[in-house]
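> Below you will find the structure I want to go over with you.
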Amino acid sequence: MSTVHHIHDTIGRSVRTRRHDSDKAKGTLRESSGCSESLAVCHTGRWTWDPGNGRTLLTSHKKQILFSQGERADAVFYIQEGQVKLTVVSPQGKEAVLAILEGGAFLGESCLAGQTVRPATATSVEDSRLVRIDKEVMIRLMHEEPPFSELFLTHLLSRNMRIQEDVVDHLFNSSEKRLARVLLLLAHVEKDGPMEVSLPKLSQETLAEMIGTTRARVSFFMTRFREMGFLLYYNGRWHVHRSLYTVVRHGWHSSYG
């Protein structure tokens, strides 16, 4: 039976998300005896996996570490459901958020390029379900399963495009523009989509680490965005209004720096 049972329209949409050594979160990764069908957020289409040698379905609780920076890199992970945060810590102890990854994304793929240790730490942002694929099995799948290889290549190209956009954003845009862009990306706001889209639950500390600023500035900008109608809060969730695109395009003048 094929590893990927059912794939359709896998490249209809590019990946639009992206998302140290510390004590392990309480609890352990739980293995499941079977894999159920999952919706891939980062690609249109659905597919299922065969559990078997080198492929294990894992469930991870919120704030649970999947792997830590500096650990041995010997497997790739595929997110079926949930969110995973990638962070890196400098030798001086400063932490930065590299990405927030959602269902349909791969992580840990650097081991395929010969990297022997993990360059970052992966932590579940919420209860998540993932497939752990051993390095050797992943390499074999890319050679033997063309649909899977196409899916993985689409992920890599989309991730590379996103990284380039992030670099440009950090080099040339102000912190409020960077925050506006991150909020739009996290909420998957489309210019021709719904006027309001709910935002995943993330702390202001995490948002600050993602855009390279302080929590105080994030709080200040969030308040301003709310006052201007770009952000709304109801039913216990933040919602991003499509008009927030105006901040990305034109910005607004602030005396906060």
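By order of appearance in the structure tokens: chains A, B, ..., then residues from 1 within every chain, and ligands from 1 in the order shown.
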Name the residues in contact with region 221-234 of chain A at a cut-off of 10 Å, using only C-alpha atoms, excluding same-chain residues fewer than 6 positions from it; report them as an MDAnalysis selection string.
chainID A and resid 175:177 179:180 183 196:199 204 215 240:247 254 256
> Please return, as a ChimeraX atom specification, all residues of region 101-223 of chain A that DSSP assigns to alpha helix (DSSP H) on the basis of the backbone.
/A:135-144,146-172,175-187,204-211,215-223
> Include C-alpha atoms and write out the residues we just selected as a PDB file, in the first residue's frame.

```pdb
ATOM      1  CA  LYS A 135      16.086   9.945   7.959  1.00  0.00           C
ATOM      2  CA  GLU A 136      16.747   6.795   5.921  1.00  0.00           C
ATOM      3  CA  VAL A 137      13.021   6.231   5.334  1.00  0.00           C
ATOM      4  CA  MET A 138      12.556   9.877   4.323  1.00  0.00           C
ATOM      5  CA  ILE A 139      15.305   9.577   1.703  1.00  0.00           C
ATOM      6  CA  ARG A 140      13.765   6.391   0.337  1.00  0.00           C
ATOM      7  CA  LEU A 141      10.293   7.961   0.155  1.00  0.00           C
ATOM      8  CA  MET A 142      11.624  10.888  -1.860  1.00  0.00           C
ATOM      9  CA  HIS A 143      13.051   8.437  -4.408  1.00  0.00           C
ATOM     10  CA  GLU A 144      10.138   5.989  -4.533  1.00  0.00           C
ATOM     11  CA  PRO A 146       6.786  10.968  -6.616  1.00  0.00           C
ATOM     12  CA  PRO A 147       3.645  12.562  -5.041  1.00  0.00           C
ATOM     13  CA  PHE A 148       5.393  12.706  -1.674  1.00  0.00           C
ATOM     14  CA  SER A 149       8.565  14.078  -3.250  1.00  0.00           C
ATOM     15  CA  GLU A 150       6.510  16.801  -4.959  1.00  0.00           C
ATOM     16  CA  LEU A 151       4.834  17.678  -1.668  1.00  0.00           C
ATOM     17  CA  PHE A 152       8.160  17.927   0.145  1.00  0.00           C
ATOM     18  CA  LEU A 153       9.751  19.999  -2.633  1.00  0.00           C
ATOM     19  CA  THR A 154       6.817  22.416  -2.557  1.00  0.00           C
ATOM     20  CA  HIS A 155       7.327  22.792   1.192  1.00  0.00           C
ATOM     21  CA  LEU A 156      11.046  23.521   0.793  1.00  0.00           C
ATOM     22  CA  LEU A 157      10.539  26.096  -1.962  1.00  0.00           C
ATOM     23  CA  SER A 158       7.761  27.841  -0.058  1.00  0.00           C
ATOM     24  CA  ARG A 159       9.817  27.883   3.150  1.00  0.00           C
ATOM     25  CA  ASN A 160      12.770  29.367   1.254  1.00  0.00           C
ATOM     26  CA  MET A 161      10.558  32.110  -0.189  1.00  0.00           C
ATOM     27  CA  ARG A 162       9.200  32.881   3.260  1.00  0.00           C
ATOM     28  CA  ILE A 163      12.692  33.110   4.768  1.00  0.00           C
ATOM     29  CA  GLN A 164      13.746  35.579   2.075  1.00  0.00           C
ATOM     30  CA  GLU A 165      10.647  37.677   2.752  1.00  0.00           C
ATOM     31  CA  ASP A 166      11.404  37.615   6.481  1.00  0.00           C
ATOM     32  CA  VAL A 167      14.965  38.817   5.927  1.00  0.00           C
ATOM     33  CA  VAL A 168      13.775  41.724   3.770  1.00  0.00           C
ATOM     34  CA  ASP A 169      11.107  42.518   6.357  1.00  0.00           C
ATOM     35  CA  HIS A 170      13.659  42.701   9.192  1.00  0.00           C
ATOM     36  CA  LEU A 171      16.130  44.739   7.161  1.00  0.00           C
ATOM     37  CA  PHE A 172      13.822  47.410   5.797  1.00  0.00           C
ATOM     38  CA  SER A 175       8.722  47.031  14.050  1.00  0.00           C
ATOM     39  CA  GLU A 176       5.029  47.963  13.696  1.00  0.00           C
ATOM     40  CA  LYS A 177       5.049  46.899  10.033  1.00  0.00           C
ATOM     41  CA  ARG A 178       6.762  43.637  10.985  1.00  0.00           C
ATOM     42  CA  LEU A 179       4.123  42.977  13.632  1.00  0.00           C
ATOM     43  CA  ALA A 180       1.288  43.752  11.209  1.00  0.00           C
ATOM     44  CA  ARG A 181       2.755  41.345   8.651  1.00  0.00           C
ATOM     45  CA  VAL A 182       3.173  38.555  11.218  1.00  0.00           C
ATOM     46  CA  LEU A 183      -0.405  38.965  12.446  1.00  0.00           C
ATOM     47  CA  LEU A 184      -1.745  38.804   8.882  1.00  0.00           C
ATOM     48  CA  LEU A 185       0.315  35.687   8.150  1.00  0.00           C
ATOM     49  CA  LEU A 186      -0.627  33.903  11.370  1.00  0.00           C
ATOM     50  CA  ALA A 187      -4.338  34.583  10.783  1.00  0.00           C
ATOM     51  CA  GLN A 204       3.061  38.887  23.292  1.00  0.00           C
ATOM     52  CA  GLU A 205       6.474  37.566  24.318  1.00  0.00           C
ATOM     53  CA  THR A 206       6.381  35.122  21.406  1.00  0.00           C
ATOM     54  CA  LEU A 207       5.290  37.838  18.979  1.00  0.00           C
ATOM     55  CA  ALA A 208       8.116  40.062  20.232  1.00  0.00           C
ATOM     56  CA  GLU A 209      10.652  37.264  19.653  1.00  0.00           C
ATOM     57  CA  MET A 210       9.282  36.695  16.160  1.00  0.00           C
ATOM     58  CA  ILE A 211       9.708  40.303  15.007  1.00  0.00           C
ATOM     59  CA  ARG A 215       7.086  42.923  24.622  1.00  0.00           C
ATOM     60  CA  ALA A 216       6.360  46.549  25.575  1.00  0.00           C
ATOM     61  CA  ARG A 217       6.424  47.613  21.935  1.00  0.00           C
ATOM     62  CA  VAL A 218       4.215  44.707  20.890  1.00  0.00           C
ATOM     63  CA  SER A 219       1.711  45.684  23.588  1.00  0.00           C
ATOM     64  CA  PHE A 220       1.811  49.312  22.449  1.00  0.00           C
ATOM     65  CA  PHE A 221       1.273  48.425  18.788  1.00  0.00           C
ATOM     66  CA  MET A 222      -1.472  45.909  19.583  1.00  0.00           C
ATOM     67  CA  THR A 223      -3.311  48.607  21.518  1.00  0.00           C
TER      68      THR A 223
END
```
> What is the CA of Ala120 (chain A)-CA of Thr87 (chain A) distance in Å, reported with one decimal?
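Distance between the two atoms: 5.5 Å.
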> Which residues in region 14-250 of chain A does DSSP call strand (DSSP E)? List them as JSON, numbers by chain.
{"A": [30, 31, 32, 38, 39, 46, 47, 55, 56, 57, 58, 59, 60, 65, 66, 67, 75, 76, 77, 78, 79, 80, 81, 83, 84, 85, 86, 87, 88, 89, 95, 96, 97, 98, 99, 100, 101, 102, 106, 107, 121, 122, 123, 124, 128, 129, 130, 131, 132, 133, 134, 196, 197, 198, 231, 232, 233, 234, 237, 238, 239, 240, 241]}
> CA of Thr123 (chain A) to CA of Gly212 (chain A): how many Å, to one decimal?
19.2 Å
> So the first atom is CA of Gln64 (chain A) and the second is CA of Arg237 (chain A); what is the distance between them in Å, to one decimal place?
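Separation of CA of Gln64 (chain A) and CA of Arg237 (chain A): 22.8 Å.
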> Nearest to Arg55 (chain A) among A:Leu86, A:Ala113, A:Leu98, A:Leu130, with distances taken over only C-alpha atoms: which residue is it?
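Selected residue with least distance to Arg55 (chain A): A:Leu130.
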